[in-house]
Amino acid sequence: MKIISIVSGKGGVGKTTICANLCAALRKNGHEVLAVDFDPQNALRLHFGINPADTSGLISNGHQPSKWNEVIVKTTEGCSVLPYGKNNEAEQLDFEQLLITEPNFLKERLRDLGLSKDTIVVIDTAGQLAFLKQALIVAHLTIVVNIADAASYTTIPMINSLIAQYCEDRSDYIDSFYILNQIDRSRQLNGDIADIASMQIGAEKISFIHQDQSVQEALACRTNVIAYAPDSRTTYDFIDASLAISKLIAENSQPSSKRNSF
Amino acid sequence: MSSSLRANPKFNKFSRNILSWGIWNSWLLNTLLAVTATLAAYIVITATLTLSEQIFWGLFAFCMILIIRRRPWGRASIIMMIVISIMVSLRYIYWRLTNSTNFITPLDAFLGWGLVLAELYSLIVLLLGYVQTAMPLQRPVMLMPPDQKYWPTVDIMIPTYNESLSVVQTAILAAQSIDWPADKLRVHLLDDGRREEFREFCDQAGANYITRENNLHNKAGNLNAALRKTDGDYVAIFDCDHIPTRSFLQASMGWFLKNPKLAMVQTPHFFFSPDPFEKNLDIYNIVPNEGVLFYGLVQDGNDLWNASFFCGSCAILERKALMKIGGIATETVTEDAHTALKLSRKGYDLAYLAIPQSAGLATESLSGHIVQRRRWARGMAQIFRIDNPLLGRGLTIWQRLCYSNAMMHFFYALPRLVFLTAPLGYLLLGAEIFSASAAVVLVYALPHILISTITNSQIQGKFRHSFWNEVYETALSWHILFPVLLAMVNPKFGAFNATAKGGIVKEEYVDWNASTPYLILLAINLIGFSVGIFKLITDYGSTSTLLINLVWVLFNIIIISAAANTAKEARQLRKSPRIYKRLAATIHLPNGKTVVCKTSEFSQIGLDLKTLTPLEIPLGERILISIFRGNKEVVLPGTVTRSGNSIGVLLEGLTVEQQKDFTQITFSRADNWIYSWDHDVADSPLRSFGQVMTYGILNLLPLMKYAIHDLLLTMRAQGQRKSYSKR
């Protein structure tokens with residue numbers, strides 16, 4: 001089981017969209033995939049065509065997380081999805097409290113699922129620190145999502161310091177991968193930021209997802225862009241990103257090429 | 001190199017072992033070997049043999065050639081074949097001079113000696129060609145030192161006179177995109193047309209615009225004037241229709257740092273549009289074109305002898321050296337070759353790097369091609385007259401031979417025409433141009449012809465297919481004959497003609513100006529053939545002599561027919577020739593959706609895109625197109641001109657910045673031309689002969705039809721003119 005946590009320093013950059021489409025791309029590349037919605041907005045399920053009226057999810061059974069297996073939904077494309085579920089405000093506050101008192105809550109629950117060795121778990125992480133910490137603690141790989149504008153770009157150091165704090169000391173941690181969302185190279189600034197990011201981060205650790213109306217339309221049709229518009233640029237972008245990610249994972253799964261933990 | 005030229009490792013080791021013996025350094029042994037070899041050669045060349053002995057010798061040599069040709073001995077087998085070929089050919093010419101020139105009538109003597117002289121010319125060119133191409137140097141790229149402070153400053157000069165802005169701007173933008181420290185790279189447009197729009201474009205693009213008051217000495221004068229206004233360490237020259245790739249300087253400059261005596265590095269002229277032969281005969285990408293032999297083999301061969309010469313474009317010259325010889329040579333119309341000769345005489349080294357680092361437009365029509373070749377031929381003859389490489393100081397014997405061959409090459413016109421008409425002397429006029437029986441002529445001439453053909457095919461391989469040389473030479477020989485003769489008489493005669501490129505041909509037509517001489521030649525040969533057949537049937541004259549001459553005439557008819565067909569101008573509707581290259585791309589539709597596609601072809605003004613599934617876009621719709629190279633992406637605006645299975649896009653309203661982006665991601669990609677450059681198929685003499693024959697014979701009738709049709713039209717027009725004047 002490899003755990004990928006999708007994080008960002010700023011809301012509204014398209015984390016959930018990235019998570020859903022990336023899962024679809026990884027699945028298309030032959031991986032066993034579990035998408036975990038770890039965000040109270042409970043929006044990830046909509047990308048997978050789950051009936052909006054179905055509100056079960058990882059918190060719907062209150063504090064009985066052992067039943068997570070029961071609420072996992074298998075999509076037609078073969079992705080497994082664990083929705084967040086719906087709760088009231090009091091339950092939500094309780095849950096956040098729980099996350100604070102039990103730092104390894106997510107880690108233990110995921111372990112209890114008994115997933116196969118090859119499964120890739122992709123966690124769509126909420127912005128609140130309590131959620132973020134949980135997701136970072138379990139992550140083998142973090143994916144930092146941004147859009148190519150100045151405001152979003154300036155949040156990278158903040159998220160990087162969190163990653164440094166919670167991930168980089170662990171020997172099972174692989175690396176951070178970056179995704180720049182809604183790229184539009186016909187705009188000068190957009191292109192410049194993409195180029196700078198590519199230079200600073202290194203081309204093999206960054207992927208660009210183009211601005212594309214098909215992504216919105218796919219969501220409206222309650223599916224992912226890979227199924228909805230297979231010829232679109234973004235489909236190719238997601239496939240490319242998923243290939244780069246599986247390459248990173250594969251390279252670091254072999255003991256011989258394991259990074260030196262200095 | 002073709003696979004047959006690669007020696008097997010065992011043989012390589014074996015030969016290296018032998019070469020490592022100390023005795024090869026012995027002066028005495030080498031002299032002894034040379035004397036023995038000369039004596040042996042003398043015997044082989046001059047020995048008097050009976051007819052059957054000569055037949056045996058011919059067969060023996062022929063079998064040796066066939067065996068050696070297939071051995072995996074690399075260069076060694078080529079050298080052996082060359083030695084055998086030289087022996088056989090010298091033996092032939094010795095016999096020819098001593099035993100076949102006892103002419104009886106003055107007509108026999110005149111025609112007979114004419115043919116002997118033509119054969120002598122061919123033999124000299126054959127021998128010089130062997131010297132030139134026996135061992136191509138295959139110079140590798142010399143890398144630049146990592147520290148850029150050692151990199152010299154370079155002025156890139158793009159001379160132009162009457163070419164259109166659309167042609168020139170791509171060259172400027174590509175030159176600016178060359179990977180080189182920005183403060184050490186200057187791009188200059190040298191405009192002898194003094195056009196305001198060119199100045200404006202240069203201002204926008206950030207290139208330097210240079211003009212002068214007059215157009216004295218044309219391109220050479222233009223370059224010299226610019227040399228006085230610039231001061232870079234090196235000068236890279238590009239004709240305005242040659243587009244450099246971004247790697248040009250980094251690949252070519254290294255040798256200058258390695259060898260301080262080096263004054264010039266030339267790279268190949270590679271063409272991404274078909275030349276008139278390729279276009280009109282429809283042999284593009286099937287048969288290597290005219291230029292491939294020169295840039296693929298001859299220049300590389302010259303390089304071994306330090307005699308590869310400057311070809312006017314796609315080259316770098318050292319400014320200091322250039323100034324020592326007074327700038328670009330202005331005495332002749334081929335300033336490039338003459339400049340190289342002058343540099344050699346001053347003791348500078350010249351280099352050739354056989355890696356295409358640029359691409360350009362080929363001449364667009366046969367008449368344009370003829371104008372260009374006429375200039376080259378005239379210029380080479382001028383150099384031969386006023387600065388003969390065989391005479392004067394400063395050259396090695398090998399440089400003299402290589403330069404001479406380059407110049408003598410252009411004297412092929414007269415000998416070629418002699419060969420094309422020689423058998424008619426016997427068939428039509430009854431002249432005995434060989435004072436020997438047909439059988440004897442055959443047993444001496446056949447080994448010479450066959451063995452030199454096979455040897456050349458082995459050397460030239462994929463660079464020039466057998467018998468195409470005859471077609472190329474034939475098509476031009478009439479047109480360069482008089483310029484060469486005139487230049488030999490008076491080198492001062494003649495003006496410089498810029499070669500027209502980037503034009504369109506709306507309808508297929510036959511350029512009668514270019515082809516009339518060949519139609520007449522063809523007609524005479526057909527008459528000669530008919531007369532020969534008639535004589536054969538009526539048993540008039542020696543049957544064997546008739547047969548030899550008939551075969552010869554038939555060969556000539558095929559060659560002339562193929563050559564004459566190059567005048568049939570195929571349609572060329574696109575002003576910008578297209579490049580067939582698949583690049584990753586994406587269409588951005590106005591509704592915000594994107595569609596992944598690939599380019600199937602692109603030109604300076606547009607793209608053809610191929611989507612995975614047919615895509616309908618309203619014609620005239622404005623879209624954006626992304627083109628990718630790795631992580632780099634360029635977005636360009638365009639108008640849809642065709643949709644469905646493939647999408648046609650006209651690039652319109654591009655800013656200079658966008659044009660530069662487009663040029664960088666398409667034309668100036670470093671890997672662009674390398675694949676096509678090495679892609680020609682190897683020669684097989686028999687297949688090649690079949691090809692030439694097919695082209696010659698298949699095109700004969702249509703050509704005749706065209707000729708008669710146009711003749712009738714002309715006659716009718718004249719008849720009408722007469723009837724008007726009667727009124």
# chains A, B, ... in the order shown; residues from 1 in each chain; ligands from 1
>>> closest_atom_pairs(of="range 168-217 of chain B", to="range 356-367 of chain B", cutoff="12 Å", atoms="only C-alpha atoms", output="Markdown table")
| residue | atom | partner | partner_atom | distance |
| --- | --- | --- | --- | --- |
| B:Val168 | CA | B:Gly360 | CA | 11.0 |
| B:Thr170 | CA | B:Gly360 | CA | 10.5 |
| B:Ala171 | CA | B:Gly360 | CA | 9.2 |
| B:Ala174 | CA | B:Ser358 | CA | 9.6 |
| B:Ala175 | CA | B:Ser358 | CA | 10.0 |
| B:Ile178 | CA | B:Gln357 | CA | 10.5 |
>>> interface_residues(of="chain B", to="chain A", cutoff="7 Å", atoms="only C-alpha atoms", output="compact mmCIF listing (two decimals) with N, CA and C atoms, in the first residue's frame")
# COMPACT_ATOMS: atom_id res chain seq x y z
N THR B 586 -1.93 20.59 -29.47
CA THR B 586 -3.27 20.60 -28.90
C THR B 586 -4.06 21.75 -29.49
N GLY B 592 -13.52 26.65 -24.91
CA GLY B 592 -12.71 26.35 -23.74
C GLY B 592 -12.26 24.91 -23.66
N LYS B 593 -12.73 24.07 -24.59
CA LYS B 593 -12.29 22.67 -24.56
C LYS B 593 -11.00 22.51 -25.35
N THR B 594 -10.32 21.43 -25.07
CA THR B 594 -9.06 21.18 -25.76
C THR B 594 -9.12 19.83 -26.44
N VAL B 595 -8.37 19.70 -27.54
CA VAL B 595 -8.30 18.42 -28.22
C VAL B 595 -6.83 18.13 -28.54
N VAL B 596 -6.38 16.97 -28.10
CA VAL B 596 -5.00 16.59 -28.35
C VAL B 596 -4.82 16.16 -29.80
N VAL B 635 1.93 28.59 -27.59
CA VAL B 635 0.53 28.75 -27.97
C VAL B 635 0.43 29.81 -29.06
>>> residues_around(residues="range 80-85 of chain A", least_positions_apart="4", cutoff="7 Å", atoms="only C-alpha atoms", output="list in words")
Val33, Leu34, Ala35, Val36, Asp37, Phe38, Asp39, Pro40, Asn42, Leu44, Arg45, Thr55, Ser56, Gly57, Leu58, Ile59, Ser60, Val71, Ile72, Val73, Lys74 and Thr75 of chain A
>>> residues_around(residues="Lys10 in chain A", least_positions_apart="5", cutoff="10 Å", atoms="only C-alpha atoms", output="PyMOL selection string")
chain A and resi 15+127+145-147+151-156+158-159
>>> select_by_dssp(residues="range 442-671 of chain B", states="helix (DSSP H, G or I)", output="PyMOL selection string")
chain B and resi 442-463+468-489+512-537+543-567+656-665
>>> residues_around(residues="Arg186 in chain B", least_positions_apart="5", cutoff="8 Å", atoms="only C-alpha atoms", output="count of residues only")
6
>>> residues_around(residues="Arg199 in chain B", least_positions_apart="4", cutoff="12 Å", atoms="only C-alpha atoms", output="short mmCIF file (atom, residue, chain, number, x, y, z; two decimals) with N, CA and C atoms, in the first residue's frame")
data_model
loop_
_atom_site.label_atom_id
_atom_site.label_comp_id
_atom_site.auth_asym_id
_atom_site.auth_seq_id
_atom_site.Cartn_x
_atom_site.Cartn_y
_atom_site.Cartn_z
N LEU B 165 9.84 38.92 -47.40
CA LEU B 165 10.01 39.01 -45.94
C LEU B 165 9.64 37.70 -45.26
N VAL B 168 12.59 35.58 -45.29
CA VAL B 168 13.74 36.08 -44.52
C VAL B 168 13.47 36.04 -43.02
N GLN B 169 12.23 36.32 -42.62
CA GLN B 169 12.01 36.48 -41.17
C GLN B 169 12.23 35.18 -40.39
N HIS B 188 22.60 39.93 -37.89
CA HIS B 188 22.52 41.07 -38.81
C HIS B 188 21.81 40.66 -40.09
N LEU B 189 20.87 41.49 -40.51
CA LEU B 189 20.28 41.29 -41.84
C LEU B 189 20.96 42.27 -42.78
N LEU B 190 21.53 41.76 -43.86
CA LEU B 190 22.28 42.58 -44.81
C LEU B 190 21.40 42.79 -46.04
N ASP B 191 20.66 43.88 -46.07
CA ASP B 191 19.62 44.04 -47.09
C ASP B 191 20.11 44.90 -48.26
N ASP B 192 20.46 44.24 -49.35
CA ASP B 192 20.82 44.97 -50.56
C ASP B 192 19.59 45.49 -51.29
N GLY B 193 18.42 45.08 -50.83
CA GLY B 193 17.19 45.59 -51.45
C GLY B 193 16.75 46.90 -50.79
N ARG B 194 17.38 47.23 -49.65
CA ARG B 194 17.06 48.46 -48.91
C ARG B 194 15.56 48.66 -48.76
N ARG B 195 14.91 47.72 -48.09
CA ARG B 195 13.45 47.75 -47.99
C ARG B 195 13.02 48.14 -46.57
N ASP B 203 13.79 45.83 -36.43
CA ASP B 203 13.62 46.62 -35.21
C ASP B 203 12.76 45.86 -34.20
N GLN B 204 11.64 45.31 -34.70
CA GLN B 204 10.73 44.59 -33.80
C GLN B 204 11.39 43.34 -33.24
N ALA B 205 12.13 42.66 -34.08
CA ALA B 205 12.69 41.37 -33.68
C ALA B 205 13.99 41.55 -32.89
N GLY B 206 14.53 42.76 -32.92
CA GLY B 206 15.79 42.98 -32.19
C GLY B 206 17.01 42.51 -32.96
N ALA B 207 16.90 42.47 -34.30
CA ALA B 207 18.06 42.13 -35.12
C ALA B 207 18.67 43.42 -35.68
N ASN B 208 19.91 43.35 -36.07
CA ASN B 208 20.59 44.52 -36.60
C ASN B 208 20.34 44.59 -38.11
N TYR B 209 19.95 45.77 -38.59
CA TYR B 209 19.64 45.92 -40.02
C TYR B 209 20.76 46.72 -40.67
N ILE B 210 21.40 46.14 -41.69
CA ILE B 210 22.55 46.80 -42.32
C ILE B 210 22.28 46.98 -43.82
N THR B 211 22.51 48.18 -44.32
CA THR B 211 22.43 48.39 -45.78
C THR B 211 23.69 49.12 -46.23
#
>>> select_by_dssp(residues="range 544-721 of chain B", states="strand (DSSP E or B)", output="ChimeraX atom specification")
/B:568-569,572,579,584-588,594-602,606-615,622-629,632-642,644-651
>>> closest_residue(among="A:Ile226, A:Leu141, A:Cys167, A:Ala43", to="Asn252 in chain A", atoms="only C-alpha atoms")
A:Leu141
>>> atom_distance(atom1="CA of Ala244 in chain A", atom2="CA of His31 in chain A")
13.5 Å
>>> residues_around(residues="Glu32 in chain A", least_positions_apart="2", cutoff="10 Å", atoms="only C-alpha atoms", output="list in words")
Met1, Cys23, Leu26, Arg27, Lys28, Asn29, Gly30, Leu34, Gly78, Cys79, Ser80, Leu115, Ser116, Lys117, Asp118, Thr119, Ile120 and Val121 of chain A
>>> write_last_selection(atoms="N, CA and C atoms", output="PDB file, in the first residue's frame")
ATOM      1  N   MET A   1       0.837  -1.197   0.000  1.00  0.00           N
ATOM      2  CA  MET A   1       0.000   0.000   0.000  1.00  0.00           C
ATOM      3  C   MET A   1       0.873   1.250   0.000  1.00  0.00           C
ATOM      4  N   CYS A  23      -6.836   9.637  -9.783  1.00  0.00           N
ATOM      5  CA  CYS A  23      -7.212   8.259  -9.453  1.00  0.00           C
ATOM      6  C   CYS A  23      -7.659   7.520 -10.705  1.00  0.00           C
ATOM      7  N   LEU A  26      -4.565   6.735 -12.728  1.00  0.00           N
ATOM      8  CA  LEU A  26      -3.777   5.650 -12.142  1.00  0.00           C
ATOM      9  C   LEU A  26      -4.464   4.314 -12.375  1.00  0.00           C
ATOM     10  N   ARG A  27      -5.789   4.324 -12.245  1.00  0.00           N
ATOM     11  CA  ARG A  27      -6.562   3.103 -12.468  1.00  0.00           C
ATOM     12  C   ARG A  27      -6.406   2.665 -13.923  1.00  0.00           C
ATOM     13  N   LYS A  28      -6.472   3.647 -14.828  1.00  0.00           N
ATOM     14  CA  LYS A  28      -6.346   3.350 -16.261  1.00  0.00           C
ATOM     15  C   LYS A  28      -4.976   2.750 -16.556  1.00  0.00           C
ATOM     16  N   ASN A  29      -3.979   3.157 -15.771  1.00  0.00           N
ATOM     17  CA  ASN A  29      -2.638   2.601 -15.949  1.00  0.00           C
ATOM     18  C   ASN A  29      -2.473   1.256 -15.243  1.00  0.00           C
ATOM     19  N   GLY A  30      -3.561   0.746 -14.692  1.00  0.00           N
ATOM     20  CA  GLY A  30      -3.509  -0.621 -14.167  1.00  0.00           C
ATOM     21  C   GLY A  30      -3.312  -0.750 -12.663  1.00  0.00           C
ATOM     22  N   LEU A  34      -7.484   3.364  -4.293  1.00  0.00           N
ATOM     23  CA  LEU A  34      -8.534   3.754  -3.347  1.00  0.00           C
ATOM     24  C   LEU A  34      -8.463   5.267  -3.160  1.00  0.00           C
ATOM     25  N   GLY A  78     -13.616   0.829 -11.806  1.00  0.00           N
ATOM     26  CA  GLY A  78     -12.783  -0.018 -10.968  1.00  0.00           C
ATOM     27  C   GLY A  78     -12.056   0.709  -9.864  1.00  0.00           C
ATOM     28  N   CYS A  79     -12.295   2.016  -9.703  1.00  0.00           N
ATOM     29  CA  CYS A  79     -11.705   2.744  -8.576  1.00  0.00           C
ATOM     30  C   CYS A  79     -12.537   2.460  -7.324  1.00  0.00           C
ATOM     31  N   SER A  80     -11.864   2.333  -6.203  1.00  0.00           N
ATOM     32  CA  SER A  80     -12.598   2.271  -4.941  1.00  0.00           C
ATOM     33  C   SER A  80     -12.618   3.673  -4.354  1.00  0.00           C
ATOM     34  N   LEU A 115      -5.487  -3.460   2.937  1.00  0.00           N
ATOM     35  CA  LEU A 115      -5.382  -3.364   1.471  1.00  0.00           C
ATOM     36  C   LEU A 115      -4.155  -4.121   0.963  1.00  0.00           C
ATOM     37  N   SER A 116      -4.197  -4.500  -0.283  1.00  0.00           N
ATOM     38  CA  SER A 116      -3.077  -5.243  -0.860  1.00  0.00           C
ATOM     39  C   SER A 116      -1.862  -4.335  -0.994  1.00  0.00           C
ATOM     40  N   LYS A 117      -0.713  -4.965  -1.179  1.00  0.00           N
ATOM     41  CA  LYS A 117       0.562  -4.260  -1.212  1.00  0.00           C
ATOM     42  C   LYS A 117       0.604  -3.264  -2.376  1.00  0.00           C
ATOM     43  N   ASP A 118      -0.062  -3.621  -3.474  1.00  0.00           N
ATOM     44  CA  ASP A 118       0.062  -2.797  -4.678  1.00  0.00           C
ATOM     45  C   ASP A 118      -0.957  -1.660  -4.740  1.00  0.00           C
ATOM     46  N   THR A 119      -1.859  -1.612  -3.782  1.00  0.00           N
ATOM     47  CA  THR A 119      -2.893  -0.581  -3.844  1.00  0.00           C
ATOM     48  C   THR A 119      -2.291   0.802  -3.612  1.00  0.00           C
ATOM     49  N   ILE A 120      -2.759   1.745  -4.403  1.00  0.00           N
ATOM     50  CA  ILE A 120      -2.364   3.129  -4.176  1.00  0.00           C
ATOM     51  C   ILE A 120      -3.552   3.851  -3.554  1.00  0.00           C
ATOM     52  N   VAL A 121      -3.319   4.434  -2.369  1.00  0.00           N
ATOM     53  CA  VAL A 121      -4.369   5.187  -1.690  1.00  0.00           C
ATOM     54  C   VAL A 121      -4.126   6.669  -1.962  1.00  0.00           C
TER      55      VAL A 121
END
